[in-house]
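Data block for input_16.cif (mmCIF, C-alpha atoms):
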```
data_query
#
loop_
_atom_site.label_atom_id
_atom_site.label_comp_id
_atom_site.auth_asym_id
_atom_site.auth_seq_id
_atom_site.Cartn_x
_atom_site.Cartn_y
_atom_site.Cartn_z
CA MET A 1 -72.82 -104.60 -33.11
CA THR A 2 -71.53 -102.59 -36.06
CA ARG A 3 -68.12 -103.62 -37.30
CA PRO A 4 -65.58 -100.74 -37.13
CA ALA A 5 -64.81 -99.06 -40.44
CA LEU A 6 -61.54 -100.23 -41.96
CA PRO A 7 -58.78 -97.63 -42.13
CA SER A 8 -57.16 -96.53 -45.34
CA HIS A 9 -53.45 -97.17 -45.70
CA PRO A 10 -51.72 -95.58 -42.69
CA PRO A 11 -49.99 -92.28 -43.49
CA ALA A 12 -46.28 -92.88 -43.94
CA ARG A 13 -43.27 -91.65 -45.86
CA PHE A 14 -43.28 -95.01 -47.63
CA GLY A 15 -46.77 -96.52 -47.52
CA ILE A 16 -46.55 -100.01 -49.04
CA VAL A 17 -49.39 -102.06 -50.48
CA ASP A 18 -48.10 -105.62 -50.77
CA LEU A 19 -49.94 -107.80 -53.31
CA PHE A 20 -50.00 -111.59 -52.79
CA ALA A 21 -48.47 -110.78 -49.41
CA GLY A 22 -48.20 -114.31 -47.96
CA PRO A 23 -47.34 -114.71 -44.27
CA GLY A 24 -45.39 -111.47 -44.18
CA GLY A 25 -41.81 -111.94 -45.39
CA LEU A 26 -41.78 -108.41 -46.78
CA ASP A 27 -44.25 -106.87 -44.33
CA ILE A 28 -42.26 -107.92 -41.26
CA ALA A 29 -39.22 -106.22 -42.85
CA ALA A 30 -41.33 -103.07 -43.29
CA THR A 31 -42.23 -103.28 -39.60
CA ILE A 32 -38.54 -103.39 -38.71
CA MET A 33 -38.02 -100.24 -40.85
CA ARG A 34 -40.88 -98.31 -39.24
CA ASP A 35 -38.52 -95.61 -37.86
CA GLU A 36 -37.74 -94.72 -41.49
CA GLY A 37 -41.40 -93.96 -42.13
CA VAL A 38 -42.23 -97.36 -43.66
CA GLU A 39 -45.69 -98.88 -43.21
CA SER A 40 -47.28 -101.75 -45.11
CA ILE A 41 -50.63 -103.37 -45.71
CA GLY A 42 -50.91 -106.76 -47.39
CA VAL A 43 -53.48 -108.27 -49.74
CA GLU A 44 -53.76 -112.02 -49.18
CA TRP A 45 -56.31 -114.58 -50.36
CA ASP A 46 -55.61 -117.63 -48.21
CA ASP A 47 -57.42 -117.74 -44.86
CA ALA A 48 -54.72 -119.78 -43.10
CA THR A 49 -52.04 -117.34 -44.19
CA ARG A 50 -54.23 -114.42 -43.10
CA ALA A 51 -54.44 -116.05 -39.67
CA THR A 52 -50.64 -116.05 -39.43
CA ARG A 53 -50.53 -112.40 -40.48
CA ALA A 54 -53.15 -111.48 -37.88
CA ALA A 55 -51.24 -113.29 -35.13
CA ALA A 56 -48.11 -111.37 -36.17
CA GLY A 57 -49.97 -108.06 -35.95
CA LEU A 58 -49.56 -107.29 -39.65
CA LEU A 59 -52.05 -105.04 -41.38
CA THR A 60 -54.13 -106.93 -43.98
CA THR A 61 -56.89 -105.65 -46.26
CA ASP A 62 -60.42 -106.84 -45.62
CA THR A 63 -60.77 -107.66 -49.33
CA LYS A 64 -58.86 -110.86 -50.02
CA ASP A 65 -58.63 -110.88 -53.81
CA VAL A 66 -56.02 -108.69 -55.52
CA ALA A 67 -58.27 -108.63 -58.60
CA GLU A 68 -61.13 -107.05 -56.62
CA LEU A 69 -59.00 -104.18 -55.33
CA GLY A 70 -57.20 -101.34 -57.04
CA PRO A 71 -55.15 -98.23 -56.26
CA CYS A 72 -58.27 -96.08 -55.75
CA ASP A 73 -59.88 -98.30 -53.09
CA PRO A 74 -60.11 -96.63 -49.65
CA GLU A 75 -58.03 -99.29 -47.87
CA VAL A 76 -54.99 -98.68 -50.09
CA VAL A 77 -55.51 -95.30 -51.78
CA GLY A 78 -52.76 -93.68 -49.71
CA ALA A 79 -50.05 -96.18 -50.75
CA THR A 80 -46.94 -94.71 -52.35
CA VAL A 81 -45.15 -98.02 -52.91
CA LEU A 82 -46.36 -101.19 -54.67
CA THR A 83 -44.76 -104.54 -53.92
CA GLY A 84 -45.76 -108.10 -54.74
CA GLY A 85 -44.82 -111.68 -55.53
CA PRO A 86 -47.59 -112.96 -57.83
CA PRO A 87 -47.97 -116.76 -58.15
CA CYS A 88 -46.45 -117.97 -61.37
CA GLN A 89 -46.59 -121.77 -61.29
CA SER A 90 -48.21 -121.90 -64.72
CA PHE A 91 -44.95 -120.96 -66.45
CA SER A 92 -42.30 -121.59 -63.81
CA VAL A 93 -41.47 -125.17 -64.79
CA ALA A 94 -38.37 -125.15 -66.96
CA GLY A 95 -38.74 -126.98 -70.25
CA SER A 96 -42.53 -127.27 -70.06
CA ARG A 97 -44.27 -126.67 -73.40
CA LYS A 98 -47.35 -125.36 -71.61
CA GLY A 99 -45.13 -123.22 -69.42
CA HIS A 100 -43.48 -121.58 -72.42
CA LYS A 101 -46.89 -120.99 -74.00
CA ALA A 102 -48.13 -119.33 -70.80
CA LEU A 103 -45.00 -117.16 -70.68
CA ASP A 104 -45.52 -116.04 -74.28
CA ASP A 105 -49.14 -115.21 -73.46
CA VAL A 106 -48.12 -113.06 -70.48
CA LEU A 107 -45.57 -111.09 -72.50
CA ARG A 108 -48.11 -110.50 -75.28
CA LEU A 109 -50.88 -109.44 -72.91
CA ALA A 110 -48.57 -107.18 -70.90
CA THR A 111 -47.74 -105.32 -74.10
CA ARG A 112 -51.45 -104.65 -74.62
CA LEU A 113 -51.61 -102.95 -71.22
CA ALA A 114 -48.73 -100.59 -71.98
CA ASP A 115 -48.58 -97.03 -73.34
CA HIS A 116 -52.15 -95.95 -72.65
CA GLU A 117 -52.62 -92.21 -72.16
CA ASP A 118 -56.17 -92.22 -70.82
CA GLU A 119 -58.40 -94.23 -68.53
CA ALA A 120 -60.93 -95.27 -71.20
CA THR A 121 -58.46 -96.96 -73.56
CA PHE A 122 -56.77 -98.74 -70.66
CA ASP A 123 -60.11 -100.02 -69.36
CA THR A 124 -60.91 -101.42 -72.79
CA ALA A 125 -57.52 -103.13 -73.01
CA TRP A 126 -57.80 -104.55 -69.48
CA SER A 127 -61.30 -105.88 -70.18
CA GLU A 128 -59.99 -107.75 -73.23
CA VAL A 129 -56.93 -109.05 -71.38
CA LYS A 130 -58.98 -110.21 -68.39
CA ALA A 131 -61.46 -112.03 -70.65
CA GLU A 132 -58.57 -113.93 -72.24
CA THR A 133 -56.87 -114.85 -68.96
CA ASP A 134 -60.19 -115.87 -67.40
CA ALA A 135 -60.66 -118.32 -70.28
CA MET A 136 -57.25 -119.95 -69.75
CA SER A 137 -57.09 -123.40 -68.19
CA ASP A 138 -54.80 -122.11 -65.43
CA ASP A 139 -56.05 -118.80 -64.02
CA ARG A 140 -52.72 -118.26 -62.28
CA THR A 141 -51.30 -117.14 -65.62
CA GLY A 142 -53.16 -113.87 -65.23
CA PHE A 143 -51.96 -113.21 -61.67
CA VAL A 144 -48.60 -111.90 -62.83
CA LEU A 145 -50.42 -109.19 -64.82
CA GLN A 146 -52.15 -107.79 -61.73
CA PRO A 147 -49.20 -105.66 -60.53
CA LEU A 148 -49.01 -104.08 -63.99
CA ARG A 149 -52.73 -103.27 -63.82
CA TRP A 150 -52.23 -101.61 -60.41
CA ILE A 151 -49.28 -99.58 -61.72
CA MET A 152 -51.22 -98.31 -64.74
CA GLU A 153 -54.38 -97.57 -62.77
CA ALA A 154 -52.43 -95.64 -60.14
CA LYS A 155 -51.16 -93.32 -62.85
CA LEU A 156 -54.29 -93.07 -65.02
CA LYS A 157 -57.15 -93.36 -62.50
CA ARG A 158 -55.72 -92.27 -59.17
CA GLY A 159 -53.64 -89.59 -60.88
CA ARG A 160 -50.65 -90.36 -58.65
CA PRO A 161 -48.16 -93.00 -59.78
CA TYR A 162 -46.47 -95.22 -57.23
CA ASP A 163 -43.13 -93.73 -56.24
CA VAL A 164 -41.52 -97.16 -56.04
CA VAL A 165 -42.40 -100.64 -57.35
CA VAL A 166 -40.77 -103.86 -56.10
CA LEU A 167 -41.73 -107.23 -57.58
CA GLU A 168 -40.14 -110.60 -56.82
CA GLN A 169 -40.55 -114.22 -57.79
CA VAL A 170 -38.62 -117.33 -58.82
CA PRO A 171 -35.89 -116.84 -61.47
CA THR A 172 -38.02 -118.27 -64.29
CA VAL A 173 -40.10 -115.07 -64.07
CA MET A 174 -37.11 -112.96 -65.14
CA PRO A 175 -38.28 -112.70 -68.80
CA VAL A 176 -41.52 -111.15 -67.51
CA TRP A 177 -39.69 -108.69 -65.26
CA LYS A 178 -37.34 -107.70 -68.10
CA HIS A 179 -40.37 -107.07 -70.29
CA TYR A 180 -41.94 -105.03 -67.49
CA VAL A 181 -38.75 -102.97 -67.23
CA LYS A 182 -39.20 -101.84 -70.84
CA ILE A 183 -42.87 -100.99 -70.22
CA LEU A 184 -42.14 -99.16 -66.97
CA ARG A 185 -39.42 -97.03 -68.53
CA ARG A 186 -41.97 -95.88 -71.10
CA THR A 187 -44.34 -95.14 -68.20
CA GLY A 188 -41.89 -92.83 -66.42
CA TYR A 189 -39.88 -95.21 -64.22
CA ALA A 190 -36.19 -95.89 -63.88
CA ALA A 191 -36.32 -99.68 -63.65
CA ASP A 192 -34.23 -102.82 -63.75
CA ALA A 193 -34.39 -106.49 -62.72
CA HIS A 194 -31.77 -108.90 -61.40
CA VAL A 195 -31.57 -112.34 -59.79
CA LEU A 196 -30.49 -112.13 -56.15
CA HIS A 197 -29.07 -115.00 -54.08
CA SER A 198 -30.44 -115.01 -50.54
CA GLU A 199 -27.25 -116.38 -48.95
CA ASP A 200 -25.41 -113.31 -50.36
CA PHE A 201 -27.33 -111.32 -47.75
CA GLY A 202 -26.91 -113.50 -44.67
CA VAL A 203 -29.95 -115.75 -45.09
CA PRO A 204 -29.02 -119.31 -43.97
CA GLN A 205 -30.44 -120.74 -47.18
CA ALA A 206 -29.44 -120.89 -50.85
CA ARG A 207 -32.44 -119.40 -52.63
CA ARG A 208 -32.65 -117.28 -55.79
CA ARG A 209 -35.24 -114.59 -56.42
CA ALA A 210 -35.88 -112.53 -59.55
CA VAL A 211 -36.34 -108.97 -58.30
CA LEU A 212 -37.61 -105.90 -60.15
CA ILE A 213 -37.09 -102.42 -58.69
CA ALA A 214 -38.66 -99.35 -60.33
CA GLN A 215 -38.55 -95.72 -59.13
CA TYR A 216 -40.74 -93.03 -60.67
CA ASP A 217 -38.38 -90.56 -62.34
CA PRO A 218 -39.88 -89.49 -65.70
CA GLU A 219 -36.97 -87.17 -66.50
CA ASN A 220 -34.33 -89.84 -65.99
CA VAL A 221 -35.80 -93.24 -66.86
CA HIS A 222 -32.52 -94.73 -68.13
CA ARG A 223 -30.48 -94.03 -65.01
CA LYS A 224 -29.01 -96.91 -63.03
CA VAL A 225 -31.25 -98.38 -60.33
CA ARG A 226 -29.40 -99.35 -57.18
CA PHE A 227 -29.75 -102.98 -56.12
CA PRO A 228 -28.45 -104.39 -52.83
CA GLU A 229 -24.81 -105.42 -52.82
CA ALA A 230 -23.78 -108.77 -51.37
CA THR A 231 -22.58 -108.75 -47.78
CA HIS A 232 -21.89 -112.48 -47.43
CA GLN A 233 -20.10 -115.22 -49.29
CA ARG A 234 -22.10 -117.12 -51.89
CA TYR A 235 -22.47 -120.85 -51.36
CA ARG A 236 -20.94 -123.15 -53.95
CA LYS A 237 -20.56 -126.87 -53.47
CA GLY A 238 -16.97 -127.75 -52.67
CA VAL A 239 -15.96 -124.16 -51.87
CA GLU A 240 -14.48 -123.59 -48.43
CA ARG A 241 -16.36 -121.33 -46.08
CA LEU A 242 -14.60 -118.07 -45.19
CA ALA A 243 -13.25 -117.66 -41.67
CA PRO A 244 -15.41 -115.80 -39.11
CA VAL A 245 -14.74 -112.06 -38.76
CA HIS A 246 -15.12 -109.27 -36.19
CA GLY A 247 -14.95 -111.66 -33.28
CA HIS A 248 -17.91 -113.75 -34.41
CA GLN A 249 -16.09 -116.93 -33.53
CA ASP A 250 -19.37 -118.56 -32.56
CA GLY A 251 -20.69 -118.18 -36.12
CA SER A 252 -23.53 -115.96 -34.91
CA LEU A 253 -26.56 -115.67 -37.10
CA PHE A 254 -25.99 -112.15 -38.42
CA PRO A 255 -22.24 -111.42 -38.55
CA ALA A 256 -21.25 -108.07 -40.00
CA PRO A 257 -19.32 -108.04 -43.31
CA HIS A 258 -15.58 -107.48 -43.37
CA ASP A 259 -14.29 -103.93 -43.43
CA GLY A 260 -13.03 -102.80 -46.80
CA GLY A 261 -15.84 -104.31 -48.80
CA THR A 262 -14.90 -107.98 -48.52
CA LEU A 263 -17.52 -110.55 -47.60
CA ALA A 264 -18.54 -112.26 -44.40
CA PRO A 265 -18.82 -116.07 -44.49
CA TRP A 266 -22.18 -117.49 -45.48
CA VAL A 267 -24.58 -118.11 -42.60
CA SER A 268 -25.02 -121.85 -42.12
CA MET A 269 -27.86 -124.04 -40.95
CA GLY A 270 -25.80 -124.75 -37.84
CA ASP A 271 -25.58 -121.02 -37.10
CA ALA A 272 -29.32 -120.51 -37.48
CA LEU A 273 -30.34 -123.60 -35.51
CA ARG A 274 -27.69 -123.60 -32.79
CA ALA A 275 -30.28 -123.14 -30.02
CA THR A 276 -32.11 -126.34 -30.96
CA ARG A 277 -29.42 -128.38 -32.77
CA PRO A 278 -26.01 -127.73 -31.19
CA ASP A 279 -24.34 -130.79 -32.77
CA ASP A 280 -23.21 -131.26 -36.36
CA PHE A 281 -25.79 -132.78 -38.68
CA VAL A 282 -26.45 -133.51 -42.34
CA MET A 283 -29.66 -132.71 -44.24
CA VAL A 284 -30.75 -135.11 -46.97
CA SER A 285 -33.07 -133.40 -49.41
CA ASN A 286 -36.48 -134.64 -50.45
CA TYR A 287 -35.48 -133.95 -54.06
CA GLY A 288 -33.23 -136.08 -56.23
CA SER A 289 -30.29 -134.51 -58.05
CA GLY A 290 -30.71 -134.35 -61.82
CA GLY A 291 -34.14 -135.96 -61.57
CA ASP A 292 -32.72 -139.13 -59.99
CA PRO A 293 -34.47 -139.83 -56.66
CA LYS A 294 -31.51 -142.00 -55.63
CA LYS A 295 -29.20 -138.98 -55.74
CA ARG A 296 -30.60 -136.93 -52.91
CA GLY A 297 -29.03 -133.54 -52.29
CA ARG A 298 -26.96 -133.40 -49.10
CA ARG A 299 -25.88 -130.41 -47.02
CA THR A 300 -24.02 -130.42 -43.72
CA SER A 301 -24.80 -128.03 -40.89
CA ASP A 302 -21.81 -125.92 -42.00
CA ASP A 303 -23.67 -125.12 -45.23
CA PRO A 304 -26.71 -122.94 -45.92
CA ALA A 305 -29.92 -124.92 -46.33
CA PRO A 306 -31.14 -125.79 -49.82
CA THR A 307 -34.16 -123.81 -50.99
CA ILE A 308 -36.92 -124.16 -48.41
CA THR A 309 -40.16 -125.31 -50.06
CA GLY A 310 -43.60 -126.37 -48.91
CA LYS A 311 -42.18 -129.89 -48.59
CA VAL A 312 -39.46 -128.88 -46.14
CA ARG A 313 -40.67 -131.40 -43.57
CA ARG A 314 -39.76 -134.23 -45.94
CA ASN A 315 -36.05 -133.44 -45.65
CA ARG A 316 -34.31 -135.95 -43.37
CA LEU A 317 -31.68 -135.06 -40.77
CA PHE A 318 -28.89 -137.29 -39.45
CA VAL A 319 -26.12 -136.90 -36.89
CA LEU A 320 -22.84 -136.14 -38.68
CA LYS A 321 -20.13 -138.25 -37.09
CA GLU A 322 -16.56 -139.25 -37.82
CA GLY A 323 -16.15 -142.75 -39.20
CA ASP A 324 -13.35 -145.23 -38.60
CA SER A 325 -11.39 -143.92 -41.58
CA GLY A 326 -11.65 -140.33 -40.36
CA THR A 327 -14.26 -139.31 -42.91
CA LYS A 328 -17.62 -137.84 -41.99
CA GLU A 329 -20.62 -140.14 -42.25
CA ASP A 330 -24.29 -140.30 -41.31
CA GLY A 331 -25.21 -141.41 -37.82
CA GLU A 332 -28.61 -141.85 -36.24
CA GLU A 333 -31.60 -140.12 -37.75
CA LEU A 334 -32.83 -137.01 -35.96
CA GLU A 335 -36.25 -135.44 -35.62
CA ARG A 336 -37.22 -133.53 -38.73
CA LEU A 337 -37.31 -129.75 -38.83
CA THR A 338 -39.94 -128.03 -36.76
CA PHE A 339 -41.90 -125.15 -38.27
CA GLU A 340 -39.94 -122.73 -36.08
CA GLU A 341 -36.67 -124.13 -37.45
CA ALA A 342 -37.88 -123.98 -41.05
CA GLY A 343 -38.87 -120.37 -40.44
CA LEU A 344 -35.41 -119.60 -39.04
CA LEU A 345 -33.84 -120.99 -42.22
CA GLN A 346 -35.98 -118.44 -44.09
CA SER A 347 -34.67 -115.77 -41.64
CA PHE A 348 -38.03 -115.32 -39.90
CA PRO A 349 -37.76 -114.57 -36.16
CA ALA A 350 -37.91 -117.57 -33.83
CA ALA A 351 -41.07 -116.13 -32.26
CA TYR A 352 -42.99 -115.84 -35.54
CA PRO A 353 -46.56 -117.03 -34.79
CA TRP A 354 -47.26 -119.57 -37.56
CA ARG A 355 -50.91 -120.58 -37.69
CA SER A 356 -53.12 -123.31 -39.23
CA THR A 357 -52.27 -126.66 -40.85
CA ASP A 358 -50.40 -125.58 -43.98
CA VAL A 359 -47.52 -123.83 -42.23
CA ALA A 360 -44.84 -125.57 -44.31
CA GLN A 361 -46.39 -124.19 -47.50
CA GLN A 362 -46.60 -120.69 -45.98
CA ILE A 363 -42.93 -120.82 -45.05
CA GLY A 364 -41.88 -122.22 -48.41
CA ASN A 365 -43.76 -119.56 -50.38
CA ALA A 366 -42.42 -116.60 -48.40
CA ILE A 367 -39.63 -114.21 -49.33
CA PRO A 368 -36.93 -114.26 -46.61
CA PRO A 369 -37.39 -111.20 -44.36
CA ARG A 370 -33.65 -110.56 -44.21
CA LEU A 371 -33.49 -110.39 -48.01
CA SER A 372 -36.53 -108.09 -47.92
CA LEU A 373 -34.65 -105.68 -45.64
CA HIS A 374 -31.87 -105.39 -48.19
CA ILE A 375 -34.29 -104.98 -51.11
CA LEU A 376 -36.52 -102.40 -49.41
CA SER A 377 -33.56 -100.38 -48.15
CA SER A 378 -32.11 -100.19 -51.67
CA ALA A 379 -35.46 -99.47 -53.33
CA LEU A 380 -36.78 -96.91 -50.82
CA LEU A 381 -33.70 -95.35 -49.18
CA ARG A 382 -31.11 -96.14 -51.88
CA GLU A 383 -28.62 -97.23 -49.25
CA PRO A 384 -27.65 -100.41 -47.36
CA PRO A 385 -29.78 -101.52 -44.40
CA LYS A 386 -28.78 -100.57 -40.88
CA GLU A 387 -27.11 -103.30 -38.84
CA GLU A 388 -29.49 -102.78 -35.91
CA TRP A 389 -32.40 -103.80 -38.11
CA PHE A 390 -31.08 -107.36 -38.17
CA ASP A 391 -30.96 -107.42 -34.37
CA ARG A 392 -34.57 -106.21 -34.32
CA LEU A 393 -35.54 -108.92 -36.78
CA ARG A 394 -33.85 -111.64 -34.73
CA ASP A 395 -35.43 -110.46 -31.47
CA TRP A 396 -38.87 -109.54 -32.86
CA GLU A 397 -41.93 -110.82 -31.00
CA PRO A 398 -45.61 -110.41 -31.90
CA SER A 399 -47.90 -108.04 -30.09
CA ARG A 400 -49.63 -109.58 -27.09
CA ARG A 401 -52.87 -107.82 -28.02
CA PRO A 402 -55.36 -109.71 -30.22
CA VAL A 403 -55.39 -108.21 -33.70
CA ARG A 404 -58.30 -108.39 -36.11
CA GLU A 405 -57.44 -108.82 -39.79
CA GLY A 406 -57.65 -105.48 -41.47
CA THR A 407 -57.01 -103.35 -38.40
CA ALA A 408 -54.07 -101.06 -37.89
CA GLU A 409 -53.24 -102.41 -34.42
CA GLY A 410 -49.91 -104.15 -34.25
CA PRO A 411 -46.52 -104.31 -32.61
#
```

Render the structure in this file as structure tokens.
Amino acid sequence: MTRPALPSHPPARFGIVDLFAGPGGLDIAATIMRDEGVESIGVEWDDATRATRAAAGLLTTDTKDVAELGPCDPEVVGATVLTGGPPCQSFSVAGSRKGHKALDDVLRLATRLADHEDEATFDTAWSEVKAETDAMSDDRTGFVLQPLRWIMEAKLKRGRPYDVVVLEQVPTVMPVWKHYVKILRRTGYAADAHVLHSEDFGVPQARRRAVLIAQYDPENVHRKVRFPEATHQRYRKGVERLAPVHGHQDGSLFPAPHDGGTLAPWVSMGDALRATRPDDFVMVSNYGSGGDPKKRGRRTSDDPAPTITGKVRRNRLFVLKEGDSGTKEDGEELERLTFEEAGLLQSFPAAYPWRSTDVAQQIGNAIPPRLSLHILSSALLREPPKEEWFDRLRDWEPSRRPVREGTAEGP
């Protein structure tokens, strides 16, 4: 039986190709925004993660490797928006000598890919850059250059630049994004990069992401680029949580911000996990504070979770009870977080269909979908997200139909 031909990117007002797409933290947000003409297709290498995407009904390219695709390939040639979160472990460890060397290499090689006016000179530069990154001991160093290659090839080879570019990663990538901003402005984009705090946007987790937003506007490259504005209180240790607003006395997962521009309280672990953990608890982190394993980080259920990583199942949970002196103390140990609960702390829907044996790593690597809604709304629509989108995200369920990777069938 002949396998059906794969479709090109679905026609849409905002057709996204999402590089290093992971389990779908950005793509599920695009699904929620479908009424605005947003569609997305992801490029993902890992088979287990692709299985999760397929179960969720997300469109995924047949070709797995970002390096083997480009803007002119039939599956993605119609895309008008480029997004991505390239792996960056090779230079994301603060204070690492090798990490700083890798960062310097990326900045130098990115410069060599800039300012080309024709396809031939760019191809020569890319060939030289690729040969150097292929020879490096850690091939992940070159991954962060792939979005820049796609951007340049869209303009020089496809003849149609991406209208919008959104890139995100851990904060240690900010020097790369700031360097990209300079390159993109010379390429015809209004661009900027900032670090966003996920709890500022109602995610029940303290997590920082370095985000670059670029919009093609060759006549106005130095204009201000709108980034999402915080809707919720930022978490700081020892700071009191704001009182609930607008009748959300139950601390519901997605309370609306105050009128008049003030902030809603942060969303806590207790809010997100109320259906499965109605009683107060304390989370003891797998990581030691200041490098000391004896000083484990501690958060109560009234706080947002610490950053969710691939080792989230190592965090320990205890009943939070009142001691004889009236102070709060640890009680009996509880079952550790389920994958569904870890996903909820990343703001994935409760019904998200996680697949395979490395689910914790998939969850830890993902961008929170709620944060993605804010970022995409600012980058594409240049306005705040609609409140009903968060209800759709909370209540989202996968399609009941089986979905083959690479097909356009979905919810």

| Mind pulling up the distance from CA of Trp389 (chain A) to CA of Pro228 (chain A)? |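 Separating CA of Pro228 (chain A) from CA of Trp389 (chain A) is a distance of 15.3 Å.
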
| request: Can you pull out every residue within 7 Å of Ser268 (chain A), counting only C-alpha atoms, but drop anything in the same chain fewer than 4 positions away, and send it as a list in words? | output: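 Surrounding residues, per the criterion: Pro204, Ala272, Ser301, Asp302, Asp303 and Pro304 of chain A.
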
Using the chain letters and numbers from the file, which residues does the PyMOL selection byres ((chain A and resi 121-130) around 9) grab, as a compact mmCIF listing (two decimals) with C-alpha atoms, in the frame of the given file?
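Writing the result to out_21.txt gives the following:
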```txt
# COMPACT_ATOMS: atom_id res chain seq x y z
CA LEU A 109 -50.88 -109.44 -72.91
CA ALA A 110 -48.57 -107.18 -70.90
CA ARG A 112 -51.45 -104.65 -74.62
CA LEU A 113 -51.61 -102.95 -71.22
CA ALA A 114 -48.73 -100.59 -71.98
CA ASP A 115 -48.58 -97.03 -73.34
CA HIS A 116 -52.15 -95.95 -72.65
CA GLU A 117 -52.62 -92.21 -72.16
CA ASP A 118 -56.17 -92.22 -70.82
CA GLU A 119 -58.40 -94.23 -68.53
CA ALA A 120 -60.93 -95.27 -71.20
CA ALA A 131 -61.46 -112.03 -70.65
CA GLU A 132 -58.57 -113.93 -72.24
CA THR A 133 -56.87 -114.85 -68.96
CA ASP A 134 -60.19 -115.87 -67.40
CA ALA A 135 -60.66 -118.32 -70.28
CA GLY A 142 -53.16 -113.87 -65.23
CA ARG A 149 -52.73 -103.27 -63.82
CA MET A 152 -51.22 -98.31 -64.74
CA GLU A 153 -54.38 -97.57 -62.77
CA LEU A 156 -54.29 -93.07 -65.02
```

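For the atom pair formed by CA of Lys178 (chain A) and CA of Ile375 (chain A), the distance is 17.5 Å, given to one decimal.
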
| Residue members of the PyMOL selection byres ((chain A and resi 148) around 12) in the file shown, as a PyMOL selection string | chain A and resi 19+66-67+70-71+82-84+86+106-107+109-115+122+126+129+142-147+149-155+161-162+165-167+176-177+179-181+183-184+187+214

| field | Explicit residues for the PyMOL selection byres ((chain A and resi 378) around 12) (as a PyMOL selection string) | value | chain A and resi 164-166+211-215+225-230+371-377+379-386

| query | Which of these residues is nearest to Glu341 (chain A), using all atoms listed in the file: A:Pro23, A:Pro171, A:Pro398, A:Gly270? | reply | A:Gly270

| said: For a test of reading the model, state the distance in Å between CA of Thr141 (chain A) and CA of Leu69 (chain A), rounded to one decimal. | reply: 18.3 Å

| said: Calculated over only C-alpha atoms, which of the candidates A:Phe14, A:Tyr235, A:Phe20, A:Phe318 has the smallest distance to Asp280 (chain A)? | reply: A:Phe318

| task | Around the point (-38.6, -115.1, -36.6) in the file's coordinates, collect all residues with an atom within 12 Å, using all atoms listed in the file, and return them as a PyMOL selection string. | result | chain A and resi 23-25+28-29+32+56+272-273+339-354+363+368-370+390-398

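The shortest atom-to-atom distance to Thr307 (chain A), with all atoms listed in the file taken into account, belongs to A:Arg208 out of A:Arg208, A:Leu263, A:Arg274, A:Asp279.
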
First collect every listed atom of region 48-63 of chain A; then fit an axis-aligned box around them, widen it by 6 Å on each side, and give centre and edge lengths in Å to one decimal, as lines of an AutoDock Vina configuration file.
```
center_x = -54.4
center_y = -112.4
center_z = -42.2
size_x = 24.7
size_y = 26.7
size_z = 26.2
```

| note | The residue from A:Asp139, A:Glu199, A:Glu219, A:Asp163 with the smallest atom-to-atom distance to Arg186 (chain A), counting only C-alpha atoms, is A:Glu219

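Counting all atoms listed in the file, the residue from A:Arg277, A:Arg355, A:Lys64, A:Arg108 that sits nearest to Ile41 (chain A) is A:Lys64.
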
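Proximity of A:Val170, A:Val282, A:Ala360, A:Ala206 to Val312 (chain A), computed with only C-alpha atoms, is greatest for A:Ala360.
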